[in-house]
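Q: I'd like to ask some things about the structure below.
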Amino acid sequence: MQELTHYIGGAHVKGTSGRFADVFNPATGEVQARVPLASEAEMANAVEIAAAAQPAWAAVNPQRRARVLMKFVDLLNRDMDKLAEALSREHGKTLPDAAGDVQRGLEVVEYCIGAPQMLKGEFTDSAGPGIDMYSMRQALGVTAGITPFNFPAMIPMWMFAPAIACGNAFILKPSERDPSVPLMLAELLEEAGLPKGILQVVNGDKAAVDAIIDNPVIQSIGFVGSTPIAEYIYGRGCANGKRVQCFGGAKNHMIVMPDADMDQAADALIGAGYGAAGERCMAISVAVPVGDETADRLIEKLIPRIEKLKVGPYTAGKDVDYGPVVTAAAKANILKLVESGVEQGAKLVVDGRNFNLQGYEDGFFVGPHLFDHVTKDMDIYKKEIFGPVLSTVRAKDYEEALSLAMDHEYGNGTAIFTRDGDTARDFASRINIGMVGINVPIPVPLAYHTFGGWKKSAFGDLNQHGPDAFKFYTRTKTITSRWPSGIREGSAFNFKPMD
Ligand code: NAD
């Protein structure tokens with residue numbers, strides 16, 4: 001059995017805690033590797049190495065730091081297939097989707113090549129008589145990130161690319177479910193010229209996370225994952241005086257107005273609801289058709305599309321629509337929630353409960369499900385399912401649809417499908433959700449905009465990537481300077497007292 005490592009001080013390092021987690025191949029259900037779970041002492045060692053390496057890295061001029069990222073982009077492109085394959089093997093998503101995971105991270109790396117522009121600071125000439133005032137952005141020091149299983153390439157890159165570009169050292173604690181790609185990324189960055197100790201990967205579980213939160217040297221924590229853990233890390237991290245941003249779970253609604261192009265809306269829901277087996281924080285998990293007639297038309301269009309979905313292992317080729325979910329526990333949780341939906345009175349119009357894939361009986365595959373007549377009080381509506389399950393909540397009018405999305409505790413993403421500009425504008429303006437799509441089902445902002453939800457989907461002030469990342473990973477220092485007049489007044493050979 002393969003034993004994975006940490007990546008500390010520029011080398012693969014075996015775990016010493018004696019604790020390990022199994023890494024599965026979700027398509028077959030087999031354990032393919034075990035990953036070490038770091039102790040507090042292992043984390044402290046990585047932090048010490050980071051702290052020793054960081055000042056020299058911060059002193060490298062920003063353009064030279066950016067060149068390392070430039071080279072890293074080349075290496076990501078060179079190794080794209082290898083990275084995608086390793087990612088699919090541990091996560092289960094299809095190969096094109098895995099390449100997309102790397103690509104969306106790579107785009108943030110590209111954006112961070114512009115760091116010298118973002119770090120320039122501000123200057124006021126003659127803020128007072130003979131006084132200049134300027135602000136500079138300085139690196140924080142040692143920073144850390146804790147990432148979820150569902151984007152093992154993209155989300156680590158969203159964090160470490162800006163952190164490193166700003167002159168910080170970064171310690172990544174990736175998900176223990178799929179740790180191989182993060183280790184590969186660390187190797188590639190060193191091949192690109194990053195000094196040892198600036199990006200380290202310390203694998204682990206809660207013990208490693210707590211060792212990050214409580215380590216006084218670590219200045220900031222970025223977290224992406226489920227909401228209860230986001231709240232925990234945000235609370236304890238802030239109490240320890242750190243800068244913290246935590247992104248949590250989601251329940252994304254897509255409102256379908258009666259005037260929407262129903263084929264377009266149905267196609268969008270299939271991709272956004274079932275792509276990556278629904279394991280995306282920007283997946284649409286709730287369809288909200290406005291009016292019974294719209295609902296009937298939508299369901300009628302969805303059913304044949306869902307029945308055509310091809311579920312399979314990533315090895316089965318490019319026509320697989322989605323793969324297995326990440327663990328047996330995730331599968332059991334999804335099926336339990338489906339049962340609760342049936343028991344609580346929702347109508348299961350596409351039933352994937354008995355889905356079975358020949359030859360992959362032990363894999364964590366979940367068939368696609370579609371619920372109709374879901375109501376606000378049901379568990380399948382209140383909870384994040386994170387599986388291939390789409391719930392339909394019928395709204396009588398636009399206002400009811402809007403308030404459904406607004407009243408839900410999560411506020412990551414949402415979408416409206418309509419041909420009416422006035423409705424779309426009203427929706428974009430009033431909705432209390434961070435990322436909004438208008439006839440776009442998964443409105444993930446590009447690298448140069450910022451990414452972040454509202455309500456229980458995000459904790460902290462700044463979003464991920466875009467200009468916010470440079471604020472998050474630097475501290476502002478403002479200097480007010482006045483120089484006594486001296487040599488300019490002519491040469492004076494006697495010693496002039498200060499006035
Ligand atoms: P998770 O919360 O279980 O794990 C995330 C990270 O936290 C992992 O690194 C894990 O090791 C660590 N962790 C787990 N339990 C912990 C504990 N008790 N104490 C401290 N650390 C702990 O999430 P996941 O299952 O890996 O990812 C899926 C979740 O992430 C979903 O809720 C999804 O919506 C969310 N997500 C959100 C975004 C976003 O941007 N808002 C993006 C991707 C995923």
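Each chain in the structure tokens gets a letter, A, B and so on, in the order shown; residues start at 1 in every chain, and ligands are counted from 1 in the order they appear.
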I want to know what sits within 9 Å of Ala207 (chain A), based on only C-alpha atoms, with residues of the same chain fewer than 5 positions away left out; could you give that as an MDAnalysis selection string?
A: chainID A and resid 37:40 212
Q: I need the chosen residues saved as a PDB file, in the first residue's frame, with C-alpha atoms.
A:
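Below you can see selection.pdb, which holds the result:
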ATOM      1  CA  LEU A  37      -2.055  12.712   9.971  1.00  0.00           C
ATOM      2  CA  ALA A  38       0.291  15.292  11.448  1.00  0.00           C
ATOM      3  CA  SER A  39       0.784  15.858  15.150  1.00  0.00           C
ATOM      4  CA  GLU A  40       1.136  19.272  16.754  1.00  0.00           C
ATOM      5  CA  ILE A 212      -2.558  25.739  12.961  1.00  0.00           C
TER       6      ILE A 212
END
Q: Would you mind listing, for every residue of chain A within 8 Å of ligand 1, the two atoms forming the shortest contact and the distance between them in Å to one decimal, using only C-alpha atoms and all ligand atoms, sorted by chain and ascending residue number, as CSV?
A:
residue,atom,partner,partner_atom_place_in_ligand_line,distance
A:Ile146,CA,ligand 1,9 (O),5.0
A:Thr147,CA,ligand 1,9 (O),4.6
A:Pro148,CA,ligand 1,26 (O),3.4
A:Phe149,CA,ligand 1,26 (O),4.1
A:Asn150,CA,ligand 1,27 (O),5.7
A:Phe151,CA,ligand 1,43 (C),6.5
A:Ile155,CA,ligand 1,42 (C),7.5
A:Lys173,CA,ligand 1,9 (O),6.0
A:Pro174,CA,ligand 1,9 (O),4.9
A:Ser175,CA,ligand 1,9 (O),3.8
A:Glu176,CA,ligand 1,11 (O),5.6
A:Arg177,CA,ligand 1,26 (O),7.6
A:Gly204,CA,ligand 1,11 (O),6.4
A:Asp205,CA,ligand 1,11 (O),4.4
A:Lys206,CA,ligand 1,20 (C),3.9
A:Ala207,CA,ligand 1,20 (C),7.2
A:Ala208,CA,ligand 1,21 (N),7.8
A:Val209,CA,ligand 1,20 (C),5.2
A:Asp210,CA,ligand 1,20 (C),6.5
A:Phe223,CA,ligand 1,6 (C),7.2
A:Val224,CA,ligand 1,38 (C),5.3
A:Gly225,CA,ligand 1,30 (O),3.1
A:Ser226,CA,ligand 1,32 (O),3.4
A:Thr227,CA,ligand 1,32 (O),6.2
A:Pro228,CA,ligand 1,2 (O),7.2
A:Ile229,CA,ligand 1,2 (O),5.2
A:Ala230,CA,ligand 1,2 (O),7.0
A:Tyr232,CA,ligand 1,19 (N),7.5
A:Ile233,CA,ligand 1,20 (C),7.0
A:Cys246,CA,ligand 1,41 (N),8.0
A:Phe247,CA,ligand 1,41 (N),4.2
A:Gly248,CA,ligand 1,41 (N),4.4
A:Gly249,CA,ligand 1,34 (O),3.4
A:Ala250,CA,ligand 1,34 (O),5.0
A:Glu279,CA,ligand 1,33 (C),7.3
A:Arg280,CA,ligand 1,43 (C),6.1
A:Cys281,CA,ligand 1,34 (O),3.9
A:Met282,CA,ligand 1,42 (C),7.4
A:Glu384,CA,ligand 1,32 (O),6.9
A:Phe386,CA,ligand 1,31 (C),6.8
A:Asn412,CA,ligand 1,41 (N),6.2
A:Phe451,CA,ligand 1,40 (O),7.3
A:Gly452,CA,ligand 1,40 (O),6.3
A:Gly453,CA,ligand 1,41 (N),6.3
A:Ser457,CA,ligand 1,41 (N),5.6
A:Ala458,CA,ligand 1,41 (N),6.4
Q: Set the distance at 7 Å and use only C-alpha atoms: which residues neighbour Gly341 (chain A) once local chain neighbours fewer than 3 positions away are removed? I'd like the list as number ranges by chain.
A: A: 337-338, 344-346, 378-380
Q: Could you name the residues that touch Met257 (chain A) at 7 Å or less, counting only C-alpha atoms, but leaving out those on the same chain fewer than 5 positions away, as a compact mmCIF listing (two decimals) with all heavy atoms, in the first residue's frame?
A:
# COMPACT_ATOMS: atom_id res chain seq x y z
N PRO A 289 -39.16 26.77 -9.91
CA PRO A 289 -39.98 27.25 -11.01
C PRO A 289 -41.11 28.14 -10.48
O PRO A 289 -41.67 27.87 -9.42
CB PRO A 289 -40.54 25.96 -11.64
CG PRO A 289 -40.39 24.91 -10.60
CD PRO A 289 -39.33 25.34 -9.64
N VAL A 290 -41.39 29.19 -11.21
CA VAL A 290 -42.43 30.13 -10.77
C VAL A 290 -43.74 29.81 -11.49
O VAL A 290 -43.83 29.93 -12.72
CB VAL A 290 -41.97 31.58 -11.01
CG1 VAL A 290 -43.12 32.57 -10.77
CG2 VAL A 290 -40.79 31.91 -10.10
N PHE A 417 -33.32 32.36 -14.30
CA PHE A 417 -33.47 32.19 -15.75
C PHE A 417 -34.73 32.91 -16.18
O PHE A 417 -35.83 32.63 -15.71
CB PHE A 417 -33.50 30.69 -16.13
CG PHE A 417 -32.11 30.15 -16.34
CD1 PHE A 417 -31.18 30.15 -15.30
CD2 PHE A 417 -31.71 29.68 -17.59
CE1 PHE A 417 -29.88 29.70 -15.50
CE2 PHE A 417 -30.41 29.21 -17.79
CZ PHE A 417 -29.49 29.23 -16.75
N THR A 418 -34.56 33.90 -17.05
CA THR A 418 -35.67 34.72 -17.51
C THR A 418 -35.25 35.41 -18.81
O THR A 418 -34.05 35.51 -19.10
CB THR A 418 -36.04 35.79 -16.45
OG1 THR A 418 -37.10 36.59 -16.94
CG2 THR A 418 -34.86 36.71 -16.11
Q: Quick one: residues within 10 Å of Thr124 (chain A), only C-alpha atoms counted, chain neighbours fewer than 5 positions away excluded, as a list in words?
A: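 Once the nearby chain positions are removed, what remains is Ile131, Asp132, Met133, Tyr134, Ser135 and Thr480 of chain A.
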Q: Using DSSP on the backbone, list every residue of region 86-142 of chain A that comes out as strand (DSSP E), and give them as a list in words.
A: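 Filtering region 86-142 of chain A to strand (DSSP E) leaves Glu122, Phe123, Thr124, Asp125, Ser126, Ala127, Gly128, Ile131, Asp132, Met133, Tyr134, Ser135, Met136, Arg137, Gln138, Ala139 and Val142 of chain A.
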Q: Between A:Asp259, A:Asp468, A:Asp214, A:Asp22, which has the minimum distance to Gly241 (chain A) (counting only C-alpha atoms)?
A: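 Going through A:Asp259, A:Asp468, A:Asp214, A:Asp22 one by one, the smallest distance to Gly241 (chain A) is for A:Asp214.
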Q: Could you write out, as a PyMOL selection string, all the residues of region 4-48 of chain A that DSSP marks as alpha helix (DSSP H)?
A: chain A and resi 40-48
Q: Please produce a file of the residues just selected, as a CSV table (one decimal), in the first residue's frame, where the atoms kept are N, CA and C atoms.
A:
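Everything below was put into again-v8.csv:
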chain,number,residue,atom,x,y,z
A,40,GLU,N,0.8,17.9,16.5
A,40,GLU,CA,1.1,19.3,16.8
A,40,GLU,C,2.6,19.5,16.6
A,41,ALA,N,3.5,18.6,16.9
A,41,ALA,CA,4.9,18.8,16.8
A,41,ALA,C,5.3,18.8,15.4
A,42,GLU,N,4.7,18.0,14.5
A,42,GLU,CA,5.1,18.1,13.1
A,42,GLU,C,4.7,19.4,12.5
A,43,MET,N,3.5,19.9,12.9
A,43,MET,CA,3.1,21.2,12.4
A,43,MET,C,4.0,22.3,12.9
A,44,ALA,N,4.4,22.2,14.1
A,44,ALA,CA,5.3,23.2,14.7
A,44,ALA,C,6.6,23.3,14.0
A,45,ASN,N,7.1,22.1,13.6
A,45,ASN,CA,8.4,22.0,12.8
A,45,ASN,C,8.2,22.7,11.5
A,46,ALA,N,7.1,22.5,10.8
A,46,ALA,CA,6.9,23.1,9.5
A,46,ALA,C,6.8,24.6,9.7
A,47,VAL,N,6.1,25.1,10.7
A,47,VAL,CA,6.0,26.5,11.0
A,47,VAL,C,7.4,27.1,11.2
A,48,GLU,N,8.2,26.4,12.0
A,48,GLU,CA,9.6,27.0,12.2
A,48,GLU,C,10.3,27.1,10.9
Q: When distances are computed from only C-alpha atoms, which of A:Ala127, A:Leu199, A:Val350, A:Ala59 shows the smallest separation from Phe160 (chain A)?
A: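 Once distances to Phe160 (chain A) are computed over only C-alpha atoms, the minimum belongs to A:Leu199.
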Q: Write out as a list in words the residues lying within 7 Å of region 1-8 of chain A, counting only C-alpha atoms and excluding same-chain residues fewer than 4 positions away.
A: His12, Val13, Lys14, Gly15, Gln32, Ala33, Arg34, Val35, Pro36, Ala46, Leu183, Gly197, Gln200, Val201, Val202 and Asn203 of chain A
Q: Next, the residues of the selection above should be written as an mmCIF file, in the first residue's frame with N, CA, C and O atoms.
A:
data_model
loop_
_atom_site.group_PDB
_atom_site.id
_atom_site.type_symbol
_atom_site.label_atom_id
_atom_site.label_comp_id
_atom_site.auth_asym_id
_atom_site.auth_seq_id
_atom_site.Cartn_x
_atom_site.Cartn_y
_atom_site.Cartn_z
ATOM 1 N N HIS A 12 9.888 15.413 0.587
ATOM 2 C CA HIS A 12 8.829 14.514 1.059
ATOM 3 C C HIS A 12 9.271 13.927 2.397
ATOM 4 O O HIS A 12 10.376 13.390 2.512
ATOM 5 N N VAL A 13 8.406 14.061 3.381
ATOM 6 C CA VAL A 13 8.765 13.637 4.738
ATOM 7 C C VAL A 13 7.698 12.667 5.232
ATOM 8 O O VAL A 13 6.501 12.950 5.138
ATOM 9 N N LYS A 14 8.142 11.551 5.753
ATOM 10 C CA LYS A 14 7.194 10.563 6.293
ATOM 11 C C LYS A 14 6.524 11.091 7.557
ATOM 12 O O LYS A 14 7.153 11.834 8.323
ATOM 13 N N GLY A 15 5.301 10.664 7.794
ATOM 14 C CA GLY A 15 4.616 11.055 9.018
ATOM 15 C C GLY A 15 5.229 10.360 10.223
ATOM 16 O O GLY A 15 5.687 9.221 10.114
ATOM 17 N N GLN A 32 -6.433 2.969 -1.714
ATOM 18 C CA GLN A 32 -5.271 2.951 -2.610
ATOM 19 C C GLN A 32 -4.014 3.524 -1.965
ATOM 20 O O GLN A 32 -2.919 3.375 -2.491
ATOM 21 N N ALA A 33 -4.185 4.220 -0.863
ATOM 22 C CA ALA A 33 -3.011 4.794 -0.188
ATOM 23 C C ALA A 33 -3.414 5.132 1.238
ATOM 24 O O ALA A 33 -4.603 5.117 1.581
ATOM 25 N N ARG A 34 -2.410 5.441 2.047
ATOM 26 C CA ARG A 34 -2.755 6.013 3.351
ATOM 27 C C ARG A 34 -1.945 7.288 3.536
ATOM 28 O O ARG A 34 -0.808 7.404 3.068
ATOM 29 N N VAL A 35 -2.592 8.238 4.162
ATOM 30 C CA VAL A 35 -1.973 9.554 4.293
ATOM 31 C C VAL A 35 -1.685 9.803 5.770
ATOM 32 O O VAL A 35 -2.525 9.510 6.629
ATOM 33 N N PRO A 36 -0.474 10.301 6.082
ATOM 34 C CA PRO A 36 -0.164 10.543 7.492
ATOM 35 C C PRO A 36 -0.962 11.721 8.043
ATOM 36 O O PRO A 36 -1.233 12.689 7.326
ATOM 37 N N ALA A 46 7.096 22.465 10.795
ATOM 38 C CA ALA A 46 6.867 23.118 9.499
ATOM 39 C C ALA A 46 6.780 24.643 9.673
ATOM 40 O O ALA A 46 7.308 25.411 8.854
ATOM 41 N N LEU A 183 0.327 17.692 -2.973
ATOM 42 C CA LEU A 183 1.762 17.358 -2.858
ATOM 43 C C LEU A 183 2.461 17.585 -4.197
ATOM 44 O O LEU A 183 3.590 18.104 -4.247
ATOM 45 N N GLY A 197 10.652 25.618 1.809
ATOM 46 C CA GLY A 197 10.017 26.107 3.037
ATOM 47 C C GLY A 197 8.961 27.176 2.814
ATOM 48 O O GLY A 197 8.250 27.542 3.746
ATOM 49 N N GLN A 200 4.638 24.590 2.020
ATOM 50 C CA GLN A 200 4.743 23.244 2.607
ATOM 51 C C GLN A 200 3.348 22.640 2.698
ATOM 52 O O GLN A 200 2.352 23.360 2.879
ATOM 53 N N VAL A 201 3.301 21.329 2.572
ATOM 54 C CA VAL A 201 2.028 20.620 2.684
ATOM 55 C C VAL A 201 2.107 19.722 3.907
ATOM 56 O O VAL A 201 2.963 18.834 3.984
ATOM 57 N N VAL A 202 1.255 19.999 4.870
ATOM 58 C CA VAL A 202 1.213 19.178 6.080
ATOM 59 C C VAL A 202 -0.147 18.503 6.107
ATOM 60 O O VAL A 202 -1.179 19.164 6.254
ATOM 61 N N ASN A 203 -0.146 17.192 5.925
ATOM 62 C CA ASN A 203 -1.415 16.464 5.891
ATOM 63 C C ASN A 203 -1.941 16.226 7.296
ATOM 64 O O ASN A 203 -1.164 16.158 8.258
#
Q: Would you mind reading off the distance between CA of Cys238 (chain A) and CA of Met435 (chain A), one decimal, in Å?
A: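 Answer for the CA of Cys238 (chain A) to CA of Met435 (chain A) separation: 25.3 Å.
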Q: Which residues come within 7 Å of Lys93 (chain A), counting only C-alpha atoms, excluding same-chain residues fewer than 5 positions away, as a list in words?
A: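 With the cut-off at 7 Å, the set is Ser88, Ala98, Ala276, Tyr314, Tyr322 and Gly323 of chain A.
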Q: Given only C-alpha atoms as the basis, pick out the residue of A:Glu187, A:Leu83, A:Gly10, A:Leu309 nearest to Leu95 (chain A).
A: A:Leu83
Q: Ranking A:Ala401, A:Ala316, A:Leu119, A:Leu194 by minimum distance to Gly9 (chain A) and counting only C-alpha atoms, which one comes first?
A: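 With only C-alpha atoms as the atom set, the closest residue is A:Leu194.
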